[in-house]
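Below is one structure, written out as structure tokens; comments come after it.
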Amino acid sequence: MIAEIETATRPVTVQNTHPECLTEIFREDVNLTVWQRELSQDCREFADQFAARVGKYNRFVTLENSLSIWELLPKWALELKGIESWLADVEDVIEMYRCLFEPDALGVRLQVLDTTMCPRFHIDRVPARLLVTYSGRGTEWIDENDVERSSSPGQLPEQSVAPSGIKEIPTGAVAILKGEAWVGNEGRGIVHRSPAPGSAPRLLLSLDWLS
């Protein structure tokens with residue numbers, strides 16, 4: 001049985017080169033916002049160096065009032081070229097997320113992935129997750145018009161996804177993905193997956209609000 005979603009009410013995506021587009025996530029009909037931007041050369045250089053040197057990495061920290069983002073990194077990474085630019089960018093992204101959602105606490109995860117973390121298309125059971133891929137390929141997602149939603153929660157069967165409908169969030173872009181736990185968004189969370197890493201590992205930052 002396929003859950004029916006009227007065409008007029010299907011969730012849509014907002015993409016723009018202005019950061020203000022991220023506020024569109026509060027619209028009922030939007031389940032993905034993407035601020036398309038270019039990273040500075042120093043920021044890209046740090047991200048590429050760190051990802052290549054560490055190979056594989058997974059670090060999670062909880063931030064409340066302070067911005068101790070240096071805790072995300074091993075000490076040796078603080079000596080890499082471009083670290084100041086990268087840390088400043090992460091701090092700006094965190095502040096944007098806090099201004100949007102005003103969470104009491106923030107979950108910050110930094111990962112370097114040399115394999116595909118979530119190879120199947122799926123929907124997150126979170127309110128809204130922010131993702132930035134600093135190095136490597138960006139997260140893949142499916143346009144709502146190419147999704148057949150099952151009445152059962154969880155992963156979508158591969159055959160429900162039209163290959164021509166697979167899109168990729170650009171490297172460096174700031175994306176907010178609305179999930180199933182957003183009030184009123186049940187059955188409408190953005191469908192996405194991790195891409196194959198390709199020739200280089202991915203450096204991925206994710207933010208979640210914690211209750």
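The chains in the structure tokens are called A, B, ... from first to last as shown; in each chain the residues are counted from 1, and the ligands are counted from 1 in the order shown.
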Dump as a tab-separated table the rows for residues of range 51-78 of chain A within 10 Å of range 114-137 of chain A: closest atom pair and distance in Å with one decimal, only C-alpha atoms counted, ordered by chain and rising residue number.
residue	atom	partner	partner_atom	distance
A:Ala51	CA	A:Ser135	CA	7.3
A:Ala52	CA	A:Ser135	CA	9.5
A:Gly55	CA	A:Asp114	CA	6.6
A:Lys56	CA	A:Asp114	CA	6.1
A:Tyr57	CA	A:Asp114	CA	9.1
Could you list, as a PDB file with C-alpha atoms, in the first residue's frame, every residue within 12 Å of Ser206 in chain A, counting only C-alpha atoms and ignoring same-chain residues fewer than 3 positions away?
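Written output follows (out37.pdb):
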ATOM      1  CA  ASN A  58      33.891  10.031  14.139  1.00  0.00           C
ATOM      2  CA  ARG A  59      33.630  12.599  16.930  1.00  0.00           C
ATOM      3  CA  PHE A  60      30.473  13.795  18.720  1.00  0.00           C
ATOM      4  CA  VAL A  61      30.254  16.651  21.226  1.00  0.00           C
ATOM      5  CA  THR A  62      27.356  18.321  23.022  1.00  0.00           C
ATOM      6  CA  LEU A  72      35.866  18.186  17.573  1.00  0.00           C
ATOM      7  CA  VAL A  90      31.979  25.907  11.641  1.00  0.00           C
ATOM      8  CA  VAL A  93      27.233  27.542  10.862  1.00  0.00           C
ATOM      9  CA  ILE A  94      26.548  26.611  14.492  1.00  0.00           C
ATOM     10  CA  TYR A  97      21.515  26.860  13.477  1.00  0.00           C
ATOM     11  CA  LEU A 106      23.287  21.123  20.348  1.00  0.00           C
ATOM     12  CA  GLY A 107      24.669  17.811  19.136  1.00  0.00           C
ATOM     13  CA  VAL A 108      27.660  18.313  16.826  1.00  0.00           C
ATOM     14  CA  ARG A 109      29.148  15.403  14.898  1.00  0.00           C
ATOM     15  CA  LEU A 110      32.249  15.497  12.708  1.00  0.00           C
ATOM     16  CA  GLN A 111      32.965  12.494  10.516  1.00  0.00           C
ATOM     17  CA  VAL A 112      35.483  11.454   7.925  1.00  0.00           C
ATOM     18  CA  ALA A 128      15.741  19.104  11.451  1.00  0.00           C
ATOM     19  CA  ARG A 129      19.363  18.150  10.781  1.00  0.00           C
ATOM     20  CA  LEU A 130      21.961  20.507   9.335  1.00  0.00           C
ATOM     21  CA  LEU A 131      24.637  19.014   7.071  1.00  0.00           C
ATOM     22  CA  VAL A 132      27.770  20.488   5.524  1.00  0.00           C
ATOM     23  CA  THR A 133      30.131  18.356   3.445  1.00  0.00           C
ATOM     24  CA  TYR A 134      33.490  20.126   3.617  1.00  0.00           C
ATOM     25  CA  THR A 139      24.701  14.001   0.424  1.00  0.00           C
ATOM     26  CA  VAL A 174      24.720  24.345   4.055  1.00  0.00           C
ATOM     27  CA  ALA A 175      21.626  22.145   4.029  1.00  0.00           C
ATOM     28  CA  ILE A 176      18.814  21.680   6.531  1.00  0.00           C
ATOM     29  CA  LEU A 177      16.929  18.411   6.184  1.00  0.00           C
ATOM     30  CA  LEU A 203      34.478  15.328   5.744  1.00  0.00           C
ATOM     31  CA  TRP A 209      19.112  20.032  18.467  1.00  0.00           C
TER      32      TRP A 209
END
- Task: Determine the nearest neighbour of Gly172 in chain A from the options A:Leu32, A:Val14, A:Ala200, A:Leu205, counting only C-alpha atoms.
- Result: A:Leu205
- Message: Using DSSP secondary structure from the backbone, list all alpha helix (DSSP H) positions within range 31-171 of chain A, as number ranges by chain.
- Response: A: 41-54, 83-101
Output C-alpha atoms for every residue in that selection, as an mmCIF file, in the first residue's frame.
data_model
loop_
_atom_site.group_PDB
_atom_site.id
_atom_site.type_symbol
_atom_site.label_atom_id
_atom_site.label_comp_id
_atom_site.auth_asym_id
_atom_site.auth_seq_id
_atom_site.Cartn_x
_atom_site.Cartn_y
_atom_site.Cartn_z
ATOM 1 C CA GLN A 41 40.501 28.333 -0.327
ATOM 2 C CA ASP A 42 41.935 28.026 3.211
ATOM 3 C CA CYS A 43 38.808 26.225 4.427
ATOM 4 C CA ARG A 44 38.930 23.764 1.529
ATOM 5 C CA GLU A 45 42.636 23.181 2.025
ATOM 6 C CA PHE A 46 42.203 22.314 5.692
ATOM 7 C CA ALA A 47 39.246 20.019 4.976
ATOM 8 C CA ASP A 48 41.076 18.123 2.238
ATOM 9 C CA GLN A 49 44.265 17.777 4.321
ATOM 10 C CA PHE A 50 42.456 16.604 7.425
ATOM 11 C CA ALA A 51 40.259 14.093 5.604
ATOM 12 C CA ALA A 52 43.202 12.637 3.673
ATOM 13 C CA ARG A 53 45.444 12.369 6.743
ATOM 14 C CA VAL A 54 42.952 10.948 9.252
ATOM 15 C CA ILE A 83 42.480 25.622 10.530
ATOM 16 C CA GLU A 84 41.464 29.164 11.569
ATOM 17 C CA SER A 85 39.306 29.586 8.471
ATOM 18 C CA TRP A 86 37.637 26.192 8.937
ATOM 19 C CA LEU A 87 36.931 26.706 12.646
ATOM 20 C CA ALA A 88 35.473 30.146 11.941
ATOM 21 C CA ASP A 89 33.176 28.668 9.302
ATOM 22 C CA VAL A 90 31.979 25.907 11.641
ATOM 23 C CA GLU A 91 31.331 28.487 14.354
ATOM 24 C CA ASP A 92 29.265 30.587 11.915
ATOM 25 C CA VAL A 93 27.233 27.542 10.862
ATOM 26 C CA ILE A 94 26.548 26.611 14.492
ATOM 27 C CA GLU A 95 25.423 30.157 15.271
ATOM 28 C CA MET A 96 23.060 30.116 12.285
ATOM 29 C CA TYR A 97 21.515 26.860 13.477
ATOM 30 C CA ARG A 98 21.133 28.229 16.997
ATOM 31 C CA CYS A 99 19.484 31.404 15.728
ATOM 32 C CA LEU A 100 16.998 29.365 13.705
ATOM 33 C CA PHE A 101 15.965 26.796 16.313
#
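Distance annotation: of A:Arg193, A:Arg202, A:Glu168, A:Pro11, the residue with the minimal separation from Phe26 in chain A is A:Pro11; atom set is only C-alpha atoms.
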- Item | Å distance separating CA of Asp208 in chain A from CA of Leu63 in chain A, one decimal place | 10.5 Å
- Item | Residue with smallest distance to Cys21 in chain A - pool A:Ile69, A:Ala173, A:Leu78, A:Leu113, counting only C-alpha atoms |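 Among A:Ile69, A:Ala173, A:Leu78, A:Leu113, it is A:Ala173 that comes nearest to Cys21 in chain A.
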- Item | Pairwise distance for CA of Val12 in chain A and CA of Asp29 in chain A, rounded to one decimal in Å | 6.0 Å
- For the atom pair CA of Gln15 in chain A and CA of Glu186 in chain A, what is the interatomic distance in Å to one decimal place?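 About the pair CA of Gln15 in chain A and CA of Glu186 in chain A: they are 22.4 Å apart.
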- Among listed residues A:Leu204, A:Ile190, A:Ile25, A:Ala196, nearest Val147 in chain A (using only C-alpha atoms):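 Once distances to Val147 in chain A are computed over only C-alpha atoms, the minimum belongs to A:Ile190.
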